[in-house]
$ cat run16.txt   # compact mmCIF, C-alpha atoms
# COMPACT_ATOMS: atom_id res chain seq x y z
CA MET A 1 24.64 4.63 14.63
CA ASN A 2 21.50 3.46 16.41
CA GLN A 3 19.59 1.69 13.62
CA ALA A 4 16.20 2.00 15.32
CA LEU A 5 16.49 5.72 16.04
CA ASN A 6 18.45 6.62 12.89
CA PRO A 7 17.52 4.09 10.20
CA GLN A 8 19.78 3.62 7.21
CA TYR A 9 18.32 2.85 3.80
CA VAL A 10 18.69 -0.82 2.89
CA PRO A 11 19.85 -1.55 -0.66
CA GLY A 12 18.09 -4.15 -2.83
CA HIS A 13 18.98 -7.83 -2.79
CA GLY A 14 17.04 -9.11 -5.80
CA LEU A 15 14.07 -10.36 -3.76
CA LEU A 16 11.64 -9.67 -6.63
CA ALA A 17 13.92 -10.54 -9.54
CA GLY A 18 11.89 -11.04 -12.71
CA LYS A 19 8.52 -10.24 -11.09
CA ARG A 20 5.89 -8.01 -12.69
CA VAL A 21 4.29 -5.71 -10.14
CA VAL A 22 1.32 -3.33 -9.97
CA VAL A 23 1.11 -0.68 -7.22
CA THR A 24 -1.98 1.47 -6.70
CA ALA A 25 -1.76 5.04 -5.39
CA SER A 26 1.97 5.07 -6.07
CA ALA A 27 2.71 8.54 -7.46
CA GLY A 28 4.17 11.21 -5.21
CA ALA A 29 6.20 10.59 -2.07
CA GLY A 30 4.16 8.29 0.18
CA ILE A 31 4.13 4.58 0.95
CA GLY A 32 2.95 3.61 -2.55
CA SER A 33 5.79 5.50 -4.21
CA ALA A 34 8.30 3.96 -1.80
CA ALA A 35 6.88 0.51 -2.56
CA ALA A 36 7.28 1.02 -6.31
CA ILE A 37 10.89 2.14 -5.84
CA LYS A 38 11.73 -0.76 -3.54
CA CYS A 39 10.22 -3.27 -5.99
CA LEU A 40 12.42 -1.88 -8.75
CA GLU A 41 15.48 -1.91 -6.50
CA GLU A 42 14.69 -5.53 -5.66
CA GLY A 43 14.90 -6.49 -9.33
CA ALA A 44 11.28 -6.43 -10.48
CA ALA A 45 11.12 -6.90 -14.25
CA SER A 46 8.38 -4.26 -14.47
CA VAL A 47 6.39 -2.02 -12.15
CA MET A 48 3.09 -0.44 -13.16
CA ILE A 49 2.37 2.65 -11.04
CA SER A 50 -1.02 4.29 -10.81
CA ASP A 51 -2.72 7.32 -9.30
CA THR A 52 -5.87 9.34 -9.73
CA HIS A 53 -3.88 12.52 -10.45
CA GLN A 54 -2.51 12.39 -14.01
CA GLY A 55 0.01 15.21 -13.55
CA ARG A 56 1.52 13.65 -10.43
CA LEU A 57 1.58 10.28 -12.19
CA ASP A 58 3.39 11.70 -15.23
CA THR A 59 6.02 13.30 -12.98
CA SER A 60 6.60 10.07 -11.06
CA LEU A 61 6.84 8.05 -14.27
CA ALA A 62 9.47 10.39 -15.70
CA GLU A 63 11.52 10.29 -12.47
CA LEU A 64 11.39 6.51 -12.18
CA ARG A 65 12.20 5.94 -15.85
CA GLU A 66 15.22 8.22 -15.59
CA ARG A 67 16.44 6.12 -12.68
CA PHE A 68 15.40 2.60 -13.70
CA GLY A 69 14.84 2.70 -17.47
CA ASP A 70 11.90 3.06 -19.84
CA ASP A 71 11.44 -0.70 -20.19
CA ARG A 72 10.82 -1.38 -16.48
CA VAL A 73 8.42 1.37 -15.39
CA PHE A 74 4.92 2.00 -16.72
CA ALA A 75 1.97 4.10 -15.60
CA LYS A 76 -1.80 4.13 -15.88
CA ALA A 77 -4.22 6.48 -14.14
CA CYS A 78 -6.73 4.62 -11.98
CA ASP A 79 -9.49 5.48 -9.53
CA VAL A 80 -10.12 2.32 -7.53
CA THR A 81 -13.76 3.33 -6.98
CA ASN A 82 -14.31 2.77 -10.71
CA GLU A 83 -14.42 -0.86 -11.87
CA GLU A 84 -13.69 0.03 -15.50
CA GLN A 85 -10.53 1.91 -14.48
CA VAL A 86 -9.36 -0.98 -12.30
CA GLN A 87 -9.77 -3.35 -15.24
CA ALA A 88 -8.01 -0.89 -17.57
CA LEU A 89 -5.08 -0.67 -15.15
CA LEU A 90 -4.68 -4.43 -15.12
CA ASP A 91 -5.09 -4.62 -18.91
CA ALA A 92 -2.22 -2.15 -19.25
CA ALA A 93 -0.09 -4.15 -16.80
CA GLU A 94 -0.76 -7.44 -18.60
CA ALA A 95 0.37 -5.89 -21.89
CA VAL A 96 3.87 -6.27 -20.40
CA GLY A 97 3.23 -9.77 -19.06
CA PRO A 98 1.20 -11.71 -16.46
CA ILE A 99 0.96 -9.95 -13.11
CA ASP A 100 2.93 -11.60 -10.31
CA VAL A 101 2.41 -9.08 -7.51
CA MET A 102 -0.35 -6.56 -6.74
CA ILE A 103 0.19 -4.00 -3.97
CA ASN A 104 -3.09 -2.37 -2.98
CA ASN A 105 -2.04 0.91 -1.41
CA ALA A 106 -4.99 3.16 -2.30
CA GLY A 107 -6.77 4.58 0.72
CA LEU A 108 -8.44 7.75 1.92
CA GLY A 109 -8.75 9.21 5.40
CA GLY A 110 -10.32 12.25 6.97
CA THR A 111 -11.24 13.62 10.37
CA ALA A 112 -14.78 14.05 11.67
CA SER A 113 -16.58 13.26 14.88
CA ILE A 114 -19.04 10.39 14.57
CA LEU A 115 -21.69 12.93 15.66
CA GLU A 116 -21.05 15.19 12.66
CA MET A 117 -19.86 12.66 10.10
CA THR A 118 -22.07 12.66 7.00
CA ASP A 119 -23.08 9.67 4.92
CA ASP A 120 -21.02 11.09 2.07
CA GLN A 121 -17.88 11.31 4.22
CA TRP A 122 -18.41 7.77 5.47
CA ASN A 123 -19.17 6.32 2.04
CA LEU A 124 -16.22 7.99 0.31
CA VAL A 125 -13.64 6.67 2.79
CA LEU A 126 -15.16 3.16 2.73
CA ASN A 127 -15.45 3.14 -1.06
CA VAL A 128 -11.81 4.07 -1.67
CA THR A 129 -10.15 2.26 1.21
CA LEU A 130 -12.16 -0.94 1.63
CA THR A 131 -14.30 -1.45 -1.45
CA GLY A 132 -11.47 -0.23 -3.69
CA THR A 133 -9.17 -2.86 -2.19
CA PHE A 134 -11.89 -5.47 -2.74
CA ARG A 135 -12.25 -4.47 -6.40
CA CYS A 136 -8.51 -4.79 -6.96
CA ILE A 137 -8.26 -8.16 -5.19
CA ARG A 138 -11.18 -9.55 -7.17
CA ALA A 139 -9.90 -8.27 -10.51
CA VAL A 140 -6.27 -9.33 -10.11
CA GLY A 141 -7.27 -12.60 -8.43
CA GLN A 142 -9.34 -13.56 -11.47
CA ARG A 143 -6.43 -12.79 -13.77
CA MET A 144 -3.87 -14.61 -11.64
CA LYS A 145 -6.14 -17.66 -11.56
CA ALA A 146 -6.56 -17.57 -15.35
CA ALA A 147 -2.79 -17.31 -15.84
CA GLY A 148 -2.27 -20.33 -13.59
CA ASN A 149 1.02 -19.12 -12.11
CA GLY A 150 -0.17 -18.16 -8.63
CA GLY A 151 0.72 -14.72 -7.36
CA VAL A 152 0.91 -12.41 -4.39
CA ILE A 153 -1.39 -9.65 -3.20
CA VAL A 154 -0.25 -7.20 -0.52
CA ASN A 155 -2.77 -4.82 1.05
CA ASN A 156 -2.14 -1.68 3.09
CA ALA A 157 -4.12 -1.63 6.34
CA SER A 158 -3.40 0.48 9.45
CA VAL A 159 -2.98 0.05 13.19
CA ILE A 160 -6.09 2.22 13.45
CA GLY A 161 -7.97 -0.88 12.34
CA TRP A 162 -7.00 -2.35 15.73
CA ARG A 163 -6.85 0.79 17.85
CA ALA A 164 -9.27 3.66 18.37
CA GLN A 165 -8.49 7.22 17.31
CA GLU A 166 -10.73 10.23 17.76
CA GLY A 167 -12.41 11.44 14.59
CA GLN A 168 -11.40 8.37 12.60
CA ALA A 169 -14.48 6.11 12.77
CA HIS A 170 -14.77 5.78 8.98
CA TYR A 171 -11.06 5.21 8.42
CA ALA A 172 -10.79 2.76 11.33
CA ALA A 173 -13.78 0.79 10.07
CA ALA A 174 -12.35 0.71 6.56
CA LYS A 175 -8.89 -0.45 7.66
CA ALA A 176 -10.36 -3.08 10.01
CA GLY A 177 -12.34 -4.21 6.98
CA VAL A 178 -9.14 -4.46 4.92
CA MET A 179 -7.69 -6.75 7.60
CA ALA A 180 -10.75 -9.03 7.56
CA LEU A 181 -10.87 -8.92 3.76
CA THR A 182 -7.22 -9.97 3.64
CA ARG A 183 -7.84 -13.01 5.83
CA SER A 184 -10.94 -14.12 3.94
CA ALA A 185 -9.48 -13.52 0.47
CA ALA A 186 -6.43 -15.56 1.47
CA LYS A 187 -8.66 -18.57 2.13
CA ASP A 188 -10.57 -18.13 -1.13
CA LEU A 189 -7.39 -17.88 -3.22
CA ALA A 190 -5.12 -20.39 -1.48
CA THR A 191 -6.06 -23.25 -3.80
CA GLU A 192 -4.99 -21.10 -6.75
CA GLY A 193 -1.53 -20.59 -5.27
CA ILE A 194 -2.26 -16.91 -4.60
CA ARG A 195 -1.12 -15.48 -1.27
CA VAL A 196 -2.81 -12.45 0.32
CA ASN A 197 -1.24 -10.54 3.21
CA ALA A 198 -1.30 -7.00 4.57
CA VAL A 199 0.90 -4.50 6.35
CA SER A 200 -0.47 -2.39 9.17
CA PRO A 201 1.59 0.81 9.63
CA SER A 202 1.09 3.31 12.41
CA LEU A 203 2.74 6.60 11.44
CA ALA A 204 4.78 6.99 8.25
CA MET A 205 6.03 10.49 7.50
CA HIS A 206 5.70 11.98 4.01
CA PRO A 207 5.01 15.46 2.58
CA PHE A 208 1.26 14.96 2.06
CA LEU A 209 0.78 13.92 5.69
CA GLU A 210 2.67 16.99 6.85
CA LYS A 211 0.46 19.15 4.64
CA VAL A 212 -2.86 17.85 5.99
CA THR A 213 -1.90 17.27 9.64
CA SER A 214 -1.14 19.89 12.26
CA ALA A 215 2.32 20.02 13.78
CA GLU A 216 0.76 19.54 17.20
CA LEU A 217 -0.98 16.32 16.21
CA LEU A 218 2.14 14.96 14.49
CA THR A 219 4.15 15.64 17.63
CA GLU A 220 1.53 13.80 19.70
CA LEU A 221 1.48 10.83 17.33
CA LYS A 222 5.28 10.60 17.29
CA SER A 223 5.31 10.60 21.10
CA LYS A 224 3.26 7.37 21.02
CA GLU A 225 6.00 5.57 19.10
CA VAL A 226 8.67 3.95 21.25
CA PHE A 227 11.40 5.32 18.96
CA ASN A 228 9.82 8.80 19.23
CA ARG A 229 9.75 9.16 15.48
CA ALA A 230 7.56 8.33 12.53
CA ALA A 231 8.50 5.53 10.16
CA GLU A 232 10.04 6.42 6.82
CA PRO A 233 7.80 5.28 3.90
CA TRP A 234 10.57 2.95 2.72
CA GLU A 235 10.50 1.16 6.08
CA ILE A 236 6.89 0.19 5.33
CA ALA A 237 7.82 -0.67 1.75
CA ASN A 238 10.54 -3.04 3.00
CA VAL A 239 7.89 -5.18 4.69
CA MET A 240 5.64 -5.03 1.63
CA VAL A 241 8.54 -6.34 -0.46
CA PHE A 242 9.16 -9.14 2.04
CA LEU A 243 5.50 -10.18 1.80
CA ALA A 244 5.65 -10.00 -1.99
CA SER A 245 8.79 -12.13 -2.13
CA ASP A 246 9.38 -15.87 -1.86
CA TYR A 247 10.83 -15.30 1.62
CA SER A 248 7.22 -15.24 2.87
CA SER A 249 6.12 -18.28 0.84
CA TYR A 250 4.30 -19.92 3.77
CA MET A 251 2.47 -16.77 4.86
CA THR A 252 -1.07 -15.93 3.80
CA GLY A 253 -3.97 -14.21 5.51
CA GLU A 254 -1.56 -12.38 7.82
CA VAL A 255 -1.62 -8.72 8.87
CA ILE A 256 1.86 -7.55 9.87
CA SER A 257 2.13 -4.56 12.18
CA VAL A 258 4.86 -2.16 11.05
CA SER A 259 4.80 -0.03 14.13
CA SER A 260 6.59 0.82 17.36
CA GLN A 261 3.44 2.29 18.89
CA HIS A 262 2.91 1.61 22.59
CA ALA A 263 -0.21 3.66 23.37
$ encode --input "run16.txt" --output "structure tokens"
Amino acid sequence: MNQALNPQYVPGHGLLAGKRVVVTASAGAGIGSAAAIKCLEEGAASVMISDTHQGRLDTSLAELRERFGDDRVFAKACDVTNEEQVQALLDAAEAVGPIDVMINNAGLGGTASILEMTDDQWNLVLNVTLTGTFRCIRAVGQRMKAAGNGGVIVNNASVIGWRAQEGQAHYAAAKAGVMALTRSAAKDLATEGIRVNAVSPSLAMHPFLEKVTSAELLTELKSKEVFNRAAEPWEIANVMVFLASDYSSYMTGEVISVSSQHA
């Protein structure tokens, strides 16, 4: 089987054994959900999932607990645009133990020409995607510093932060901001033994994307990938796990492209 064209799921190898992990926007079937699953498969002692949608979060919690056990999976609703909810999420996570890994997956897109884009559209995407990531880095960074055990923060950026795409000015600006934020935060936190890196996916296929994107656009986007397919969410999660693990111990301030895009 051609691994690039027909990827096979990679089983866990204990890369996060004993680690306590928090993943934002991790209910459902996207990259965040895949990241939570991969962390558990890689031996994480606990994973705290979060989402703004309580019903979706409850469903994901039940599914993950059935698979991995009640004592390893926890959930707390969180809107990353709300500082009190970010702090409450981390309070809930620390009730299990000090946080070792934070995966900041929350983000929001949309499509609008720069000529018609409203301030509200711009501000909402920036607030969730960039400022929300900032809030989470600041909050967990303070807690990791207080605990004195170092830690790892992994952010979710996008190749759109490097490349232009029509109708995506707000999202591109936000994701470029996440990249710059990652590099700067890494310098601020290095003396505390806290590493900060990011992944930059191009196209990862999941049900929500299919629901909000036309078949024609998805076909066009897939044609720009050298493998002529979208990534599976777990292929992005694999790289997140690598960055969260000790295998990347000398990496900080890096943005890793998880993409086969050539145009």
$ residues_around --input "run16.txt" --residues "Asp71 in chain A" --least-positions-apart "3" --cutoff "8 Å" --atoms "all atoms listed in the file" --output "list of chain:residue names"
A:Ser46, A:Arg65, A:Phe74
$ residues_around --input "run16.txt" --residues "Val255 in chain A" --least-positions-apart "6" --cutoff "6 Å" --atoms "all atoms listed in the file" --output "JSON, numbers by chain"
{"A": [197, 198, 199]}
$ atom_distance --input "run16.txt" --atom1 "CA of Leu243 in chain A" --atom2 "CA of Ala92 in chain A"
23.8 Å
$ atom_distance --input "run16.txt" --atom1 "CA of Ile103 in chain A" --atom2 "CA of Val23 in chain A"
4.7 Å
$ atom_distance --input "run16.txt" --atom1 "CA of Ala237 in chain A" --atom2 "CA of Gly110 in chain A"
22.9 Å
$ closest_residue --input "run16.txt" --among "A:Asn105, A:Asn149, A:Ser50, A:Thr219" --to "Lys175 in chain A" --atoms "only C-alpha atoms"
A:Asn105
$ closest_residue --input "run16.txt" --among "A:Ser184, A:Gln121, A:Asn104, A:Thr191" --to "Met240 in chain A" --atoms "only C-alpha atoms"
A:Asn104
$ residues_around --input "run16.txt" --residues "Gln168 in chain A" --least-positions-apart "5" --cutoff "8 Å" --atoms "only C-alpha atoms" --output "list in words"
Gly109, Gly110, Thr111, Ala112 and Ser113 of chain A
$ residues_around --input "run16.txt" --residues "Lys38 in chain A" --least-positions-apart "6" --cutoff "9 Å" --atoms "all atoms listed in the file" --output "list of chain:residue names"
A:Pro11, A:Gly12, A:Ala44, A:Trp234, A:Ala237, A:Asn238, A:Val241
$ closest_residue --input "run16.txt" --among "A:Trp122, A:Phe68, A:Tyr171, A:Trp162" --to "Leu108 in chain A" --atoms "only C-alpha atoms"
A:Tyr171
$ closest_residue --input "run16.txt" --among "A:Arg135, A:Thr81, A:Pro7, A:Ala34" --to "Phe227 in chain A" --atoms "all atoms listed in the file"
A:Pro7
$ closest_residue --input "run16.txt" --among "A:Glu116, A:Glu225, A:Asp188, A:Glu220" --to "Ile137 in chain A" --atoms "only C-alpha atoms"
A:Asp188
$ axis_aligned_box --input "run16.txt" --around "range 24-35 of chain A" --padding-each-side "8 Å" --output "AutoDock Vina command-line options"
--center_x 3.2 --center_y 5.9 --center_z -3.3 --size_x 26.3 --size_y 26.7 --size_z 24.4
